[in-house]
2 protein chains.
Amino acid sequence: MEKTDVMIVGGSVAGLMAGVTVKQRYHQKKKVTITRQVSKTPVPCGIPYIYGTLGAVEQNLVSDEGFINQGIDMRTEAVTSIDRENKTVALADGTRIAYDKLILATGSQPAMPPIPGIQTGNVFSIKKDPEYLQTIQNVLESSRHVVVIGGGFIGVEMAEQIAKMNLAKCNLGAVTVSLVEMLPHCLMLACEQEFCSDAESELRRLGVNIMTHTQVKAIQGDGKVTGVQLASGETIPADAVVVGIGVTPNIDLARQIGLETDPRKGINVDSYLRTNDPDIFAAGDCAAKFSFFDGQPTGIRLASVACSEGMIAASNLYRPLRQSMGTVGAFGTMVGDIAIGAAGLTTNAATAANIAYVVGEAAFPNRHPGCLPGCITDMKAKLLFNGDTGKIIGGHVRGGQSTADMVNILATAIQSGLTAEDLATMQYATHPLMTASPMRYHVMWAAENATIKLNANRSS
Amino acid sequence: MEKTDVMIVGGSVAGLMAGVTVKQRYHQKKKVTITRQVSKTPVPCGIPYIYGTLGAVEQNLVSDEGFINQGIDMRTEAVTSIDRENKTVALADGTRIAYDKLILATGSQPAMPPIPGIQTGNVFSIKKDPEYLQTIQNVLESSRHVVVIGGGFIGVEMAEQIAKMNLAKCNLGAVTVSLVEMLPHCLMLACEQEFCSDAESELRRLGVNIMTHTQVKAIQGDGKVTGVQLASGETIPADAVVVGIGVTPNIDLARQIGLETDPRKGINVDSYLRTNDPDIFAAGDCAAKFSFFDGQPTGIRLASVACSEGMIAASNLYRPLRQSMGTVGAFGTMVGDIAIGAAGLTTNAATAANIAYVVGEAAFPNRHPGCLPGCITDMKAKLLFNGDTGKIIGGHVRGGQSTADMVNILATAIQSGLTAEDLATMQYATHPLMTASPMRYHVMWAAENATIKLNANRSS
């Protein structure tokens with residue numbers, strides 16, 4: 001029977017990151033085997049860009065080469081069973097592999113709303129499967145009316161890319177793209193409302209028909225989709241529907257072998273990402289998540305969290321070394337010419353959690369002087385600080401391509417427990433072609449704005 | 001006699017930032033008067049861009065309007081004397097103003113090397129004076145041979161912009177731009193040597209003749225400069241020379257009124273930026289600086305540090321509230337198509353200070369997948385961690401326009417005392433169009449690379 005030191009089930013980012021981490025941390029001395037069901041691993045966050053900027057599924061694949069070069073044994077077989085007692089894994093091709101440590105990185109599957117007609121042809125979810133993603137592309141290319149259901153990151157990015165592709169082909173008017181969202185705004189679970197509105201404006205400018213506060217009642221069509229019926233009774237025509245309303249963790253294998261699982265939360269793990277079997281870990285979308293802020297279960301599932309968990313699980317295989325601090329939620333996206341990003345809590349989330357907070361804001365050009373080419377004249381940072389401790393609990397940015405990195409200053413600050421006072425008095429690098437003026441660096445000034453409010457609260 | 005609450009001497013960034021801070025923190029209740037000698041305040045970091053991208057001195061001025069709108073009394077008069085006993089300031093126009101608190105933000109002046117001919121016509125330094133900067137432009141526009149002395153940030157940016165302007169005018173070959181630097185590399189006091197080499201390659205691509213390891217012996221010319229004689233004996237032709245070798249603090253006024261000063265270090269201040277007069281503070285280039293790392297005096301003078309000090313001094317006027325933590329040194333610049341930036345110590349500086357350190361590195365594309373438009377395929381982060389404590393002491397980045405913001409993640413980490421372990425296990429926002437893959441986010445992976453080395457050191 002084949003033997004491996006570390007068997008990893010699942011070859012998307014959590015599994016790959018775990019594999020690389022083992023190889024690096026143990027200086028190539030551990031044998032690592034990764035098996036996945038799909039032929040290739042798509043770059044998960046890049047999937048929407050297949051349908052616009054990239055133009056092809058093949059442009060959005062993680063190359064296996066780098067992993068093979070590091071000595072990782074890459075397989076493309078489903079796991080049919082796991083024998084925990086004898087510590088072996090059976091693959092669909094009949095292979096059995098004995099393992100020392102096992103990491104489950106089985107990921108998630110797209111959630112589908114329980115509405116009539118959801119199984120109709122040309123109604124798609126976003127599966128991390130190259131063949132399936134190619135089918136979506138084939139259908140989109142011949143579609144005149146596309147409806148995206150769900151205005152989270154993936155829905156917004158899909159709508160934006162399909163609209164852009166349409167504009168690029170000078171097909172303006174030939175294709176309609178509608179985005180249907182139940183909530184009052186797109187992206188509002190992650191982002192501040194004013195930034196959501198900005199994103200919606202950009203989407204409209206690109207020709208997307210945005211329908212918020214709107215529920216889908218049924219999918220119409222006989223064999224292939226012809227329309228989407230809304231709760232209002234209205235029906236919008238559709239040759240293709242893309243559903244992006246969230247994901248559910250893949251726990252079947254874990255449940256089958258008797259690990260503790262919860263259908264909504266995922267595979268039960270502790271902060272070291274250990275399951276209830278001391279030799280089995282779980283990381284990424286399949287594993288249960290808790291919030292950095294209150295330790296409560298959270299539904300936020302991100303590739304970046306999956307990577308972090310892959311690294312943490314791999315570091316703990318032989319001794320408990322690293323703890324997950326819980327999901328912070330650090331995001332970024334681009335819509336048309338603007339980028340928006342967030343780390344931590346929104347004002348809505350803080351209010352819902354009964355956390356008293358103070359907001360610090362700064363809106364300045366992201367170049368200095370502001371007449372420099374490429375300047376975004378109203379880049380904005382909006383920071384939330386705990387009203388009692390002064391610690392940062394949320395950071396929101398709207399700007400240009402450096403938005404994600406500025407969000408990461410704030411994500412770092414949140415995870416380090418920094419206060420408004422800390423962020424106001426720190427020194428930051430600035431440069432005319434890259435940032436606001438040193439007098440107006442967004443993070444510094446938004447934090448200073450908050451310190452003044454925090455001081456006023458304390459003295460009142 | 002006129003009265004003001006807060007008198008600020010100097011209207012560049014430290015003074016302006018102090019003025020705005022007083023207005024904000026005291027809710028417009030304090031009267032603030034700022035006086036400066038120049039007619040307008042140039043954006044200090046933008047000065048090199050006057051001679052290329054911006055094309056005009058007027059494009060690079062800080063507008064007074066925003067400060068006047070906040071109720072700040074803006075004057076353009078030199079201060080002729082200060083009466084500390086009676087707490088009054090006399091301006092060149094004869095006005096006397098009584099103050100409650102005084103902030104000296106008198107800045108610095110360009111250092112000039114003591115070489116023969118340095119006073120020759122068309123040999124310029126970089127003064128923050130619009131009229132003078134206009135003279136430079138007039139001369140540059142009719143020059144065929146330009147020599148920049150000093151390969152620090154300002155010298156590199158001046159050479160890059162003059163070369164770019166030349167390229168843009170299709171004058172390729174009509175103008176020669178030479179950059180003369182004593183040290184083995186440009187930028188090497190702030191940046192890692194490999195990044196300095198990258199900047200030099202970009203400069204060469206733009207047509208700049210780079211002469212490192214090279215000393216200037218004399219400036220030649222009768223009335224107007226005709227050439228620069230090097231220590232080697234070689235003379236390079238020059239119609240214009242720009243000197244950027246550093247600055248010396250303006251302490252004359254402070255010395256004249258009996259404050260403690262040091263001609264090299266600046267006006268003596270404590271960590272609250274108080275001088276030895278309890279009602280007089282000093283901030284920005286005129287004030288003495290100490291290093292964040294060892295508390296020793298440092299010659300690093302940056303607009304961003306000046307802004308931070310302006311804010312700190314203004315916050316401490318009525319009670320000691322905020323301490324400067326010392327100069328970290330956080331920089332960024334763009335040279336051609338690449339940006340480089342740094343926070344904290346270089347490997348050279350750490351070695352010179354006898355600090356044992358471990359380096360963590362990561363080089364990955366700054367988009368994912370890497371075939372996305374605008375991708376810089378070899379963005380690199382190089383982090384230095386204290387070998388004993390694991391705390392980050394230096395962060396170096398080469399990449400695109402988000403480089404400065406990534407440097408600020410590292411500047412924040414340095415100022416917060418974060419370790420390699422902290423940075424490796426944090427969650428970061430990633431996005432295909434803005435960052436590396438979540439599996440390869442530069443900060444995370446460079447930190448992980450260092451943790452492995454730190455662990456190896458500890459177990460050996």
# chains A, B, ... in the order shown; residues from 1 in each chain; ligands from 1
>>> interface_residues(of="chain A", to="chain B", cutoff="7 Å", atoms="only C-alpha atoms", output="VMD selection string")
chain A and resid 13 17 25 43 45 to 46 54 60 303 to 305 307 to 308 330 to 333 368 to 369 372 401 to 402 404 to 409 411 425 427 to 432 434 438 to 439 452
>>> select_by_dssp(residues="segment 100-286 of chain A", states="helix (DSSP H, G or I)", output="PyMOL selection string")
chain A and resi 130-141+153-168+193-205+252-256+284-286
>>> residues_around(residues="Ser143 of chain B", least_positions_apart="2", cutoff="8 Å", atoms="only C-alpha atoms", output="PyMOL selection string")
chain B and resi 139-141+145-146+175+239-240
>>> write_last_selection(atoms="N, CA, C and O atoms", output="mmCIF file, in the first residue's frame")
data_model
loop_
_atom_site.group_PDB
_atom_site.id
_atom_site.type_symbol
_atom_site.label_atom_id
_atom_site.label_comp_id
_atom_site.auth_asym_id
_atom_site.auth_seq_id
_atom_site.Cartn_x
_atom_site.Cartn_y
_atom_site.Cartn_z
ATOM 1 N N VAL B 139 15.584 77.394 -16.409
ATOM 2 C CA VAL B 139 16.937 76.991 -16.809
ATOM 3 C C VAL B 139 16.937 75.574 -17.389
ATOM 4 O O VAL B 139 17.560 75.303 -18.420
ATOM 5 N N LEU B 140 16.193 74.664 -16.746
ATOM 6 C CA LEU B 140 16.157 73.279 -17.248
ATOM 7 C C LEU B 140 15.640 73.226 -18.672
ATOM 8 O O LEU B 140 16.119 72.458 -19.504
ATOM 9 N N GLU B 141 14.637 74.084 -18.954
ATOM 10 C CA GLU B 141 14.012 74.030 -20.279
ATOM 11 C C GLU B 141 14.979 74.398 -21.395
ATOM 12 O O GLU B 141 14.777 73.977 -22.536
ATOM 13 N N HIS B 145 22.552 69.729 -20.997
ATOM 14 C CA HIS B 145 23.262 68.763 -20.141
ATOM 15 C C HIS B 145 22.939 69.064 -18.684
ATOM 16 O O HIS B 145 23.290 70.128 -18.175
ATOM 17 N N VAL B 146 22.268 68.150 -18.041
ATOM 18 C CA VAL B 146 21.869 68.354 -16.652
ATOM 19 C C VAL B 146 22.596 67.334 -15.782
ATOM 20 O O VAL B 146 22.640 66.144 -16.120
ATOM 21 N N VAL B 175 19.133 65.936 -24.698
ATOM 22 C CA VAL B 175 19.506 66.295 -23.337
ATOM 23 C C VAL B 175 20.194 65.095 -22.699
ATOM 24 O O VAL B 175 19.754 63.961 -22.868
ATOM 25 N N ASP B 239 24.885 72.341 -18.228
ATOM 26 C CA ASP B 239 24.285 73.681 -18.299
ATOM 27 C C ASP B 239 23.486 73.970 -17.037
ATOM 28 O O ASP B 239 23.096 75.102 -16.776
ATOM 29 N N ALA B 240 23.164 72.897 -16.338
ATOM 30 C CA ALA B 240 22.400 73.056 -15.092
ATOM 31 C C ALA B 240 22.797 71.938 -14.150
ATOM 32 O O ALA B 240 23.029 70.799 -14.588
#
>>> residues_around(residues="Gln193 of chain B", least_positions_apart="4", cutoff="10 Å", atoms="only C-alpha atoms", output="JSON, numbers by chain")
{"B": [184, 185, 186, 187, 188, 189, 197, 198, 199, 346, 347, 348]}
>>> write_last_selection(atoms="C-alpha atoms", output="PDB file, in the first residue's frame")
ATOM      1  CA  PRO B 184      27.837  52.346  -4.286  1.00  0.00           C
ATOM      2  CA  HIS B 185      24.119  52.704  -5.077  1.00  0.00           C
ATOM      3  CA  CYS B 186      21.384  55.280  -5.305  1.00  0.00           C
ATOM      4  CA  LEU B 187      18.817  55.212  -2.458  1.00  0.00           C
ATOM      5  CA  MET B 188      20.941  52.818  -0.464  1.00  0.00           C
ATOM      6  CA  LEU B 189      20.528  54.559   2.896  1.00  0.00           C
ATOM      7  CA  SER B 197      19.783  48.228  -8.482  1.00  0.00           C
ATOM      8  CA  ASP B 198      16.280  47.847  -9.916  1.00  0.00           C
ATOM      9  CA  ALA B 199      15.718  51.592  -9.614  1.00  0.00           C
ATOM     10  CA  THR B 346      17.837  48.041   5.943  1.00  0.00           C
ATOM     11  CA  THR B 347      20.023  44.975   6.312  1.00  0.00           C
ATOM     12  CA  ASN B 348      23.010  47.350   6.169  1.00  0.00           C
TER      13      ASN B 348
END
>>> residues_around(residues="segment 102-105 of chain B", least_positions_apart="2", cutoff="6 Å", atoms="only C-alpha atoms", output="PyMOL selection string")
chain B and resi 6-10+14-15+107+280-284
>>> select_by_dssp(residues="segment 252-433 of chain B", states="strand (DSSP E)", output="PyMOL selection string")
chain B and resi 261-262+266-267+280-282+330-335+338-344+357-364+379-386+392-399
>>> residues_around(residues="Asp294 of chain B", least_positions_apart="2", cutoff="12 Å", atoms="only C-alpha atoms", output="MDAnalysis selection string")
chainID B and resid 289:292 296:298 325:328 344:345 349:350 353:355 393
>>> closest_residue(among="A:Gly360, A:Gly399, A:Glu234, A:Arg319", to="Ala420 of chain A", atoms="only C-alpha atoms")
A:Gly360
>>> residues_around(residues="Ile68 of chain B", least_positions_apart="5", cutoff="12 Å", atoms="only C-alpha atoms", output="tab-separated table (two decimals) with N, CA and C atoms, in the first residue's frame")
chain	number	residue	atom	x	y	z
B	16	LEU	N	1.40	73.69	8.81
B	16	LEU	CA	0.00	73.58	8.36
B	16	LEU	C	-0.73	72.47	9.10
B	19	GLY	N	-1.56	73.61	12.52
B	19	GLY	CA	-2.69	74.53	12.50
B	19	GLY	C	-4.02	73.82	12.37
B	20	VAL	N	-4.09	72.90	11.43
B	20	VAL	CA	-5.33	72.15	11.23
B	20	VAL	C	-5.67	71.33	12.47
B	23	LYS	N	-7.19	73.51	15.14
B	23	LYS	CA	-8.57	73.87	14.79
B	23	LYS	C	-9.54	72.71	15.03
B	28	GLN	N	-12.52	74.67	16.60
B	28	GLN	CA	-12.46	76.03	16.05
B	28	GLN	C	-12.37	77.11	17.12
B	31	LYS	N	-7.73	80.59	18.27
B	31	LYS	CA	-7.26	81.38	17.14
B	31	LYS	C	-5.88	80.87	16.73
B	32	VAL	N	-5.69	80.62	15.47
B	32	VAL	CA	-4.42	80.09	14.96
B	32	VAL	C	-3.88	81.05	13.90
B	33	THR	N	-2.63	81.44	14.05
B	33	THR	CA	-1.97	82.29	13.06
B	33	THR	C	-0.73	81.57	12.54
B	34	ILE	N	-0.64	81.46	11.23
B	34	ILE	CA	0.55	80.85	10.61
B	34	ILE	C	1.23	81.91	9.76
B	63	SER	N	-2.98	74.67	-1.68
B	63	SER	CA	-3.92	75.79	-1.69
B	63	SER	C	-4.12	76.31	-0.27
B	73	ASP	N	-5.50	82.11	10.29
B	73	ASP	CA	-5.01	83.40	9.81
B	73	ASP	C	-3.66	83.15	9.11
B	74	MET	N	-3.65	83.24	7.79
B	74	MET	CA	-2.44	82.92	7.01
B	74	MET	C	-1.69	84.20	6.65
B	75	ARG	N	-0.42	84.29	7.04
B	75	ARG	CA	0.42	85.46	6.74
B	75	ARG	C	1.61	85.04	5.88
